[in-house]
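So this block is upload-v4.pdb, PDB, C-alpha atoms and all ligand atoms:
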```pdb
MODEL        1
ATOM      1  CA  MET S   1     -17.817 -49.783 187.921
ATOM      2  CA  GLU S   2     -16.225 -46.686 186.426
ATOM      3  CA  LEU S   3     -16.904 -44.498 183.415
ATOM      4  CA  HIS S   4     -14.465 -41.789 182.392
ATOM      5  CA  GLY S   5     -15.121 -39.203 179.693
ATOM      6  CA  VAL S   6     -17.662 -41.454 178.006
ATOM      7  CA  ARG S   7     -19.159 -40.432 174.691
ATOM      8  CA  VAL S   8     -21.687 -42.534 172.777
ATOM      9  CA  GLU S   9     -22.844 -41.541 169.300
ATOM     10  CA  TYR S  10     -25.804 -42.609 167.199
ATOM     11  CA  GLY S  11     -24.678 -41.529 163.720
ATOM     12  CA  PRO S  12     -23.620 -37.880 163.877
ATOM     13  CA  VAL S  13     -25.448 -37.281 167.169
ATOM     14  CA  ALA S  14     -23.756 -37.643 170.567
ATOM     15  CA  ALA S  15     -26.358 -39.215 172.849
ATOM     16  CA  VAL S  16     -24.038 -38.793 175.832
ATOM     17  CA  ASP S  17     -20.723 -37.013 176.124
ATOM     18  CA  GLY S  18     -18.082 -36.426 178.780
ATOM     19  CA  VAL S  19     -19.675 -38.654 181.397
ATOM     20  CA  ASP S  20     -17.604 -39.533 184.462
ATOM     21  CA  LEU S  21     -19.358 -41.918 186.785
ATOM     22  CA  THR S  22     -18.097 -44.236 189.491
ATOM     23  CA  VAL S  23     -20.478 -46.565 191.297
ATOM     24  CA  PRO S  24     -18.670 -47.953 194.353
ATOM     25  CA  ALA S  25     -19.399 -51.528 195.459
ATOM     26  CA  GLY S  26     -22.565 -51.763 197.506
ATOM     27  CA  GLU S  27     -23.897 -48.385 196.389
ATOM     28  CA  PHE S  28     -27.321 -47.769 194.862
ATOM     29  CA  THR S  29     -27.019 -45.018 192.244
ATOM     30  CA  VAL S  30     -30.041 -43.634 190.414
ATOM     31  CA  LEU S  31     -29.960 -41.854 187.058
ATOM     32  CA  THR S  32     -32.843 -39.533 186.331
ATOM     33  CA  GLY S  33     -33.530 -36.631 184.004
ATOM     34  CA  PRO S  34     -35.840 -35.479 181.224
ATOM     35  CA  SER S  35     -36.734 -37.700 178.300
ATOM     36  CA  GLY S  36     -33.916 -38.178 175.800
ATOM     37  CA  CYS S  37     -31.069 -37.144 178.121
ATOM     38  CA  GLY S  38     -29.221 -40.424 177.611
ATOM     39  CA  LYS S  39     -30.097 -42.444 180.721
ATOM     40  CA  THR S  40     -30.824 -45.649 178.803
ATOM     41  CA  THR S  41     -27.826 -45.094 176.549
ATOM     42  CA  LEU S  42     -25.537 -44.857 179.564
ATOM     43  CA  LEU S  43     -26.994 -47.985 181.142
ATOM     44  CA  ARG S  44     -26.710 -49.898 177.859
ATOM     45  CA  THR S  45     -23.084 -48.771 177.587
ATOM     46  CA  VAL S  46     -22.287 -50.171 181.041
ATOM     47  CA  ALA S  47     -24.041 -53.410 179.992
ATOM     48  CA  GLY S  48     -21.865 -53.585 176.862
ATOM     49  CA  PHE S  49     -24.810 -53.222 174.438
ATOM     50  CA  GLU S  50     -23.453 -49.900 173.163
ATOM     51  CA  THR S  51     -19.843 -48.961 172.504
ATOM     52  CA  ALA S  52     -18.324 -45.733 173.770
ATOM     53  CA  THR S  53     -16.668 -43.781 170.947
ATOM     54  CA  ALA S  54     -14.545 -41.933 173.496
ATOM     55  CA  GLY S  55     -13.602 -42.494 177.104
ATOM     56  CA  THR S  56     -13.328 -45.687 179.121
ATOM     57  CA  VAL S  57     -15.828 -48.104 180.628
ATOM     58  CA  ARG S  58     -14.496 -50.288 183.424
ATOM     59  CA  VAL S  59     -16.605 -53.218 184.576
ATOM     60  CA  ARG S  60     -14.637 -55.954 186.360
ATOM     61  CA  ARG S  61     -17.204 -58.760 186.309
ATOM     62  CA  SER S  62     -20.493 -59.276 184.537
ATOM     63  CA  THR S  63     -23.525 -57.037 184.685
ATOM     64  CA  GLY S  64     -27.131 -58.119 185.247
ATOM     65  CA  VAL S  65     -29.824 -56.193 183.407
ATOM     66  CA  VAL S  66     -33.519 -55.728 184.184
ATOM     67  CA  PHE S  67     -35.601 -53.888 181.580
ATOM     68  CA  GLN S  68     -39.043 -52.297 181.731
ATOM     69  CA  GLN S  69     -40.544 -55.531 180.350
ATOM     70  CA  PRO S  70     -39.492 -58.838 181.975
ATOM     71  CA  ARG S  71     -38.548 -60.484 178.641
ATOM     72  CA  LEU S  72     -38.808 -64.039 180.011
ATOM     73  CA  PHE S  73     -38.721 -67.142 177.835
ATOM     74  CA  PRO S  74     -42.460 -67.960 177.819
ATOM     75  CA  TRP S  75     -41.931 -71.680 177.274
ATOM     76  CA  ARG S  76     -39.711 -71.999 180.335
ATOM     77  CA  THR S  77     -40.847 -72.035 183.938
ATOM     78  CA  ALA S  78     -39.697 -69.374 186.400
ATOM     79  CA  ARG S  79     -37.036 -71.831 187.581
ATOM     80  CA  GLY S  80     -36.144 -72.609 183.964
ATOM     81  CA  ASN S  81     -35.613 -68.931 183.158
ATOM     82  CA  VAL S  82     -33.246 -68.507 186.098
ATOM     83  CA  SER S  83     -31.532 -71.868 185.401
ATOM     84  CA  TYR S  84     -30.851 -70.750 181.851
ATOM     85  CA  ALA S  85     -28.917 -67.747 183.176
ATOM     86  CA  LEU S  86     -27.067 -70.024 185.625
ATOM     87  CA  ALA S  87     -26.148 -72.368 182.759
ATOM     88  CA  ARG S  88     -24.771 -69.478 180.729
ATOM     89  CA  HIS S  89     -22.795 -68.471 183.814
ATOM     90  CA  GLY S  90     -21.200 -71.952 183.909
ATOM     91  CA  VAL S  91     -23.069 -73.392 186.893
ATOM     92  CA  PRO S  92     -23.117 -77.232 186.627
ATOM     93  CA  ARG S  93     -26.512 -78.729 185.738
ATOM     94  CA  ALA S  94     -26.829 -80.577 189.058
ATOM     95  CA  GLU S  95     -26.663 -77.328 191.045
ATOM     96  CA  ARG S  96     -28.939 -75.192 188.924
ATOM     97  CA  ALA S  97     -32.384 -76.048 190.314
ATOM     98  CA  VAL S  98     -31.328 -75.495 193.923
ATOM     99  CA  ARG S  99     -29.564 -72.238 193.089
ATOM    100  CA  ALA S 100     -32.511 -71.047 190.971
ATOM    101  CA  ASP S 101     -34.974 -71.768 193.791
ATOM    102  CA  ALA S 102     -32.769 -69.859 196.246
ATOM    103  CA  LEU S 103     -32.706 -66.870 193.882
ATOM    104  CA  LEU S 104     -36.481 -67.048 193.401
ATOM    105  CA  ALA S 105     -36.949 -67.149 197.173
ATOM    106  CA  ARG S 106     -34.761 -64.076 197.486
ATOM    107  CA  VAL S 107     -37.197 -62.108 195.305
ATOM    108  CA  GLY S 108     -40.288 -63.394 197.126
ATOM    109  CA  LEU S 109     -41.217 -66.224 194.746
ATOM    110  CA  ALA S 110     -40.569 -69.250 196.963
ATOM    111  CA  GLY S 111     -42.715 -72.148 195.771
ATOM    112  CA  LEU S 112     -43.539 -70.609 192.368
ATOM    113  CA  GLY S 113     -40.616 -72.090 190.432
ATOM    114  CA  ASP S 114     -42.837 -74.352 188.317
ATOM    115  CA  ARG S 115     -45.029 -71.535 186.971
ATOM    116  CA  ARG S 116     -44.706 -70.369 183.396
ATOM    117  CA  SER S 117     -44.801 -66.655 182.622
ATOM    118  CA  TRP S 118     -48.507 -66.635 181.687
ATOM    119  CA  GLU S 119     -49.235 -68.062 185.143
ATOM    120  CA  LEU S 120     -47.424 -65.165 186.824
ATOM    121  CA  SER S 121     -48.577 -61.563 187.364
ATOM    122  CA  GLY S 122     -46.588 -58.698 185.832
ATOM    123  CA  GLY S 123     -44.950 -58.027 189.189
ATOM    124  CA  GLN S 124     -44.058 -61.698 189.632
ATOM    125  CA  GLN S 125     -42.587 -61.830 186.120
ATOM    126  CA  GLN S 126     -40.435 -58.829 186.927
ATOM    127  CA  ARG S 127     -39.270 -60.596 190.102
ATOM    128  CA  VAL S 128     -38.172 -63.549 187.942
ATOM    129  CA  ALA S 129     -36.295 -61.081 185.734
ATOM    130  CA  ILE S 130     -34.508 -59.724 188.822
ATOM    131  CA  ALA S 131     -33.639 -63.251 190.021
ATOM    132  CA  ARG S 132     -32.320 -64.038 186.540
ATOM    133  CA  ALA S 133     -30.208 -60.873 186.521
ATOM    134  CA  LEU S 134     -28.745 -61.782 189.922
ATOM    135  CA  ALA S 135     -27.937 -65.333 188.776
ATOM    136  CA  THR S 136     -24.610 -64.335 187.270
ATOM    137  CA  GLU S 137     -23.503 -62.718 190.554
ATOM    138  CA  PRO S 138     -22.963 -59.505 188.626
ATOM    139  CA  GLU S 139     -20.632 -56.753 189.714
ATOM    140  CA  ILE S 140     -23.536 -54.391 189.147
ATOM    141  CA  LEU S 141     -27.267 -54.772 188.666
ATOM    142  CA  LEU S 142     -28.539 -52.441 185.929
ATOM    143  CA  MET S 143     -32.241 -51.584 186.083
ATOM    144  CA  ASP S 144     -33.940 -49.518 183.364
ATOM    145  CA  GLU S 145     -37.332 -48.280 184.598
ATOM    146  CA  PRO S 146     -38.084 -51.793 185.846
ATOM    147  CA  PHE S 147     -41.334 -50.902 187.602
ATOM    148  CA  SER S 148     -42.857 -48.368 185.225
ATOM    149  CA  ALA S 149     -45.112 -50.909 183.471
ATOM    150  CA  LEU S 150     -46.596 -52.144 186.771
ATOM    151  CA  ASP S 151     -49.688 -50.960 188.613
ATOM    152  CA  ALA S 152     -49.103 -48.490 191.460
ATOM    153  CA  LEU S 153     -49.461 -50.952 194.323
ATOM    154  CA  THR S 154     -47.219 -53.600 192.785
ATOM    155  CA  ARG S 155     -44.729 -50.901 191.951
ATOM    156  CA  GLU S 156     -44.607 -49.684 195.554
ATOM    157  CA  ARG S 157     -44.196 -53.192 196.868
ATOM    158  CA  LEU S 158     -41.354 -53.951 194.457
ATOM    159  CA  GLN S 159     -39.657 -50.656 195.287
ATOM    160  CA  GLU S 160     -39.694 -51.650 198.940
ATOM    161  CA  GLU S 161     -38.424 -55.146 198.242
ATOM    162  CA  VAL S 162     -35.630 -54.049 195.947
ATOM    163  CA  ARG S 163     -34.607 -51.442 198.522
ATOM    164  CA  GLU S 164     -34.418 -54.152 201.215
ATOM    165  CA  LEU S 165     -32.740 -56.652 198.894
ATOM    166  CA  ALA S 166     -30.044 -54.182 197.867
ATOM    167  CA  ALA S 167     -29.454 -53.154 201.479
ATOM    168  CA  THR S 168     -29.255 -56.663 202.932
ATOM    169  CA  THR S 169     -27.164 -58.195 200.130
ATOM    170  CA  ARG S 170     -25.147 -55.013 199.471
ATOM    171  CA  THR S 171     -25.879 -55.333 195.771
ATOM    172  CA  THR S 172     -24.365 -52.580 193.628
ATOM    173  CA  VAL S 173     -27.136 -51.038 191.535
ATOM    174  CA  LEU S 174     -27.436 -48.486 188.722
ATOM    175  CA  PHE S 175     -31.121 -47.676 188.304
ATOM    176  CA  VAL S 176     -32.864 -45.489 185.708
ATOM    177  CA  THR S 177     -36.162 -43.817 186.513
ATOM    178  CA  HIS S 178     -38.327 -40.832 185.557
ATOM    179  CA  SER S 179     -39.814 -40.754 189.025
ATOM    180  CA  ALA S 180     -38.267 -38.390 191.576
ATOM    181  CA  GLU S 181     -40.081 -40.307 194.309
ATOM    182  CA  GLU S 182     -38.582 -43.618 193.195
ATOM    183  CA  ALA S 183     -35.131 -42.012 192.835
ATOM    184  CA  VAL S 184     -35.077 -40.626 196.376
ATOM    185  CA  LEU S 185     -36.656 -43.724 197.852
ATOM    186  CA  LEU S 186     -34.149 -46.143 196.347
ATOM    187  CA  GLY S 187     -30.924 -44.260 195.761
ATOM    188  CA  HIS S 188     -28.023 -43.537 198.038
ATOM    189  CA  ARG S 189     -27.195 -41.005 195.368
ATOM    190  CA  VAL S 190     -29.290 -39.492 192.574
ATOM    191  CA  LEU S 191     -27.613 -38.190 189.423
ATOM    192  CA  VAL S 192     -29.603 -35.803 187.247
ATOM    193  CA  MET S 193     -28.805 -35.775 183.533
ATOM    194  CA  ALA S 194     -29.509 -33.081 180.917
ATOM    195  CA  PRO S 195     -29.834 -33.668 177.158
ATOM    196  CA  ALA S 196     -28.048 -32.603 173.963
ATOM    197  CA  PRO S 197     -25.588 -34.070 174.616
ATOM    198  CA  GLY S 198     -26.537 -36.266 177.558
ATOM    199  CA  ARG S 199     -24.438 -35.472 180.614
ATOM    200  CA  VAL S 200     -24.652 -35.457 184.392
ATOM    201  CA  VAL S 201     -25.543 -31.968 185.657
ATOM    202  CA  ALA S 202     -26.403 -32.516 189.313
ATOM    203  CA  GLU S 203     -25.748 -34.977 192.096
ATOM    204  CA  VAL S 204     -27.902 -35.370 195.191
ATOM    205  CA  THR S 205     -26.843 -37.476 198.174
ATOM    206  CA  VAL S 206     -29.768 -39.186 199.882
ATOM    207  CA  PRO S 207     -29.313 -39.443 203.639
ATOM    208  CA  PHE S 208     -32.171 -41.879 204.356
ATOM    209  CA  ARG S 209     -30.564 -45.273 203.901
ATOM    210  CA  ASP S 210     -31.208 -46.358 207.507
ATOM    211  CA  LEU S 211     -34.887 -45.410 207.526
ATOM    212  CA  ALA S 212     -37.621 -47.993 206.903
ATOM    213  CA  THR S 213     -39.469 -47.515 203.618
ATOM    214  CA  GLU S 214     -42.942 -47.134 205.183
ATOM    215  CA  GLN S 215     -41.788 -44.206 207.346
ATOM    216  CA  LEU S 216     -39.860 -42.651 204.518
ATOM    217  CA  ARG S 217     -42.632 -41.981 201.987
ATOM    218  CA  THR S 218     -44.416 -39.555 204.301
ATOM    219  CA  ALA S 219     -41.406 -38.017 206.069
ATOM    220  CA  PRO S 220     -41.111 -34.230 205.470
ATOM    221  CA  GLU S 221     -37.350 -34.531 204.682
ATOM    222  CA  PHE S 222     -38.199 -37.106 202.027
ATOM    223  CA  THR S 223     -40.894 -34.925 200.455
ATOM    224  CA  ALA S 224     -38.502 -31.966 200.413
ATOM    225  CA  LEU S 225     -35.720 -33.917 198.728
ATOM    226  CA  ARG S 226     -38.161 -35.360 196.187
ATOM    227  CA  ALA S 227     -39.268 -31.812 195.338
ATOM    228  CA  ARG S 228     -35.631 -30.783 194.922
ATOM    229  CA  VAL S 229     -34.948 -33.635 192.503
ATOM    230  CA  THR S 230     -38.123 -32.751 190.551
ATOM    231  CA  GLU S 231     -36.903 -29.149 190.298
ATOM    232  CA  LEU S 232     -33.421 -30.238 189.155
ATOM    233  CA  VAL S 233     -34.957 -32.461 186.455
ATOM    234  CA  ARG S 234     -37.192 -29.624 185.279
ATOM    235  CA  ALA S 235     -34.208 -27.257 185.106
ATOM    236  CA  ALA S 236     -32.178 -29.882 183.218
ATOM    237  CA  GLY S 237     -34.931 -30.089 180.591
ATOM    238  CA  ASP S 238     -35.182 -26.339 180.055
ATOM    239  CA  PRO S 239     -33.465 -24.948 176.981
ATOM    240  CA  ALA S 240     -29.965 -23.649 177.736
ATOM    241  CA  PRO S 241     -29.862 -19.952 178.790
ATOM    242  CA  ALA S 242     -27.966 -19.064 175.598
ATOM    243  CA  ALA S 243     -30.700 -20.572 173.428
ATOM    244  CA  ARG S 244     -33.361 -18.746 175.408
ATOM    245  CA  THR S 245     -31.574 -15.436 174.953
ATOM    246  CA  ARG S 246     -31.481 -15.962 171.201
ATOM    247  CA  THR S 247     -35.228 -16.572 170.972
ATOM    248  CA  ALA S 248     -36.097 -13.653 173.331
TER     249      ALA S 248
HETATM  250  N1  LIG S 301     -30.841 -46.409 168.485
HETATM  251  C1  LIG S 301     -30.798 -45.085 168.404
HETATM  252  N2  LIG S 301     -30.565 -44.455 167.231
HETATM  253  C2  LIG S 301     -30.484 -43.111 167.155
HETATM  254  N3  LIG S 301     -30.641 -42.285 168.193
HETATM  255  C3  LIG S 301     -30.902 -42.835 169.384
HETATM  256  C4  LIG S 301     -30.996 -44.254 169.566
HETATM  257  N4  LIG S 301     -31.255 -44.511 170.872
HETATM  258  C5  LIG S 301     -31.330 -43.297 171.481
HETATM  259  N5  LIG S 301     -31.116 -42.307 170.594
HETATM  260  C6  LIG S 301     -31.087 -40.865 170.909
HETATM  261  O1  LIG S 301     -30.121 -40.670 171.932
HETATM  262  C7  LIG S 301     -30.592 -39.741 172.903
HETATM  263  C8  LIG S 301     -30.625 -40.395 174.281
HETATM  264  O2  LIG S 301     -31.615 -41.436 174.275
HETATM  265  P1  LIG S 301     -31.893 -42.337 175.542
HETATM  266  O3  LIG S 301     -32.918 -43.349 175.168
HETATM  267  O4  LIG S 301     -30.611 -42.829 176.089
HETATM  268  O5  LIG S 301     -32.509 -41.274 176.555
HETATM  269  P2  LIG S 301     -33.337 -41.502 177.883
HETATM  270  O6  LIG S 301     -32.892 -40.444 178.829
HETATM  271  O7  LIG S 301     -33.206 -42.916 178.341
HETATM  272  O8  LIG S 301     -34.807 -41.213 177.381
HETATM  273  P3  LIG S 301     -36.232 -41.665 177.980
HETATM  274  O9  LIG S 301     -36.280 -41.093 179.355
HETATM  275  O10 LIG S 301     -37.225 -41.040 177.067
HETATM  276  O11 LIG S 301     -36.265 -43.166 177.974
HETATM  277  C9  LIG S 301     -31.963 -39.268 172.407
HETATM  278  O12 LIG S 301     -31.781 -38.071 171.721
HETATM  279  C10 LIG S 301     -32.394 -40.375 171.483
HETATM  280  O13 LIG S 301     -33.252 -39.886 170.487
ENDMDL
END
```

Before we go any further, please render this structure as structure tokens.
Amino acid sequence: MELHGVRVEYGPVAAVDGVDLTVPAGEFTVLTGPSGCGKTTLLRTVAGFETATAGTVRVRRSTGVVFQQPRLFPWRTARGNVSYALARHGVPRAERAVRADALLARVGLAGLGDRRSWELSGGQQQRVAIARALATEPEILLMDEPFSALDALTRERLQEEVRELAATTRTTVLFVTHSAEEAVLLGHRVLVMAPAPGRVVAEVTVPFRDLATEQLRTAPEFTALRARVTELVRAAGDPAPAARTRTA
């Protein structure tokens, strides 16, 4: 997936401008930054929900999207929600149930295919949403703060599972979060954006991909890198030096 010189406007306002971003196959890239810096806009542009007014967006195959809310069809079962995505992807009817169950098993929901969304916890619903997003075998999985509506424990567990899933299946991921901890835990690379207009201002390479998640959270190197990302996000949200000079 490649973006070159991307600009997206809402009316007269450029939400993002001049963004170059390449996510190589198998890489987990995280976008973070202060509120309003264009993270969601960029993700939606890769998904094809927004149109770039300048620059190029290159996605070879489909994308799979997971939002903050699971957005399942409530009248369908977990299997039915995933099967629907398989159907839209052109998978023959006879194969859908087996494929859906395999996808549900991959996200830790083996045996729960018959449940409807009200019979699933928030974390389980979000797992169905991930299985559904993976159903189209997307070139890239796009995740927009997928765990921020979940309780802390469920969130931690899903972070660990998505980290393992991405590593074992070499899924290419572009992930938006406000959390420096989540960014450093999940990403191979963390990109920090600044607002007005939204652009990438810093890039941090995360060297922990071979470490187990349980060890990572308390490792001093992890804590230090998390603090660095927090500092970069804070700096990105500060008014530009020129503006500060004017008000001084
Ligand atoms: N539909 C829209 N119409 C007009 N302006 C919009 C629209 N969506 C976003 N914007 C503006 O574009 C800019 C970027 O918004 P975006 O939601 O992409 O930022 P974000 O970094 O994802 O923010 P947050 O972290 O708060 O979710 C903001 O200034 C926002 O107000």

Take the point (-25.5, -52.2, 176.5) as written in the file and pick out every residue within 12 Å of it, counting only C-alpha atoms; give the list as a VMD selection string. chain S and resid 8 39 to 52 57 62 to 67 142 to 144

In terms of the shortest atom-to-atom distance over only C-alpha atoms and all ligand atoms, which of S:Gly18, S:Gly198, S:Pro207, S:Pro70 is closest to ligand LIG 301 (chain S)? S:Gly198

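Of note, atom CA of Ala129 of chain S and atom CA of Ala97 of chain S are spaced 16.1 Å apart.
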
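For the file at hand, the PyMOL selection byres (((chain S and resi 157) around 12) and not hetatm) resolves to Val107, Gly108, Gly123, Gln124, Arg127, Phe147, Leu150, Asp151, Ala152, Leu153, Thr154, Arg155, Glu156, Leu158, Gln159, Glu160, Glu161, Val162, Arg163, Glu164, Glu182, Thr213 and Glu214 of chain S.
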
Step by step: start from the point (-42.1, -38.4, 193.4) in the file's coordinates, keep every protein, DNA or RNA residue that has an atom no farther than 12 Å from it, count all atoms listed in the file, and write the set as a PyMOL selection string. chain S and resi 32+156+177-186+217-218+222-231+233

What residues have any atom no more than 6 Å from ligand LIG 301 (chain S) when counting all atoms listed in the file, and can you list them as JSON, numbers by chain? {"S": [10, 15, 34, 35, 36, 37, 38, 39, 40, 41]}

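Going from atom CA of Arg79 of chain S over to atom CA of Val176 of chain S, you cover 26.7 Å.
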
Quick one: everything within 10 Å of Glu203 of chain S, counting only C-alpha atoms, minus sequence neighbours fewer than 6 positions away in the same chain. Send it as a ChimeraX atom specification. /S:30-31,189-193,229,232

Taking 2 positions as the minimum chain separation for residues in the same chain, which residues sit within 12 Å of Ala102 of chain S when counting all atoms listed in the file? Answer as a ChimeraX atom specification. /S:79,82-83,95-100,104-113,128,131-132,134-135
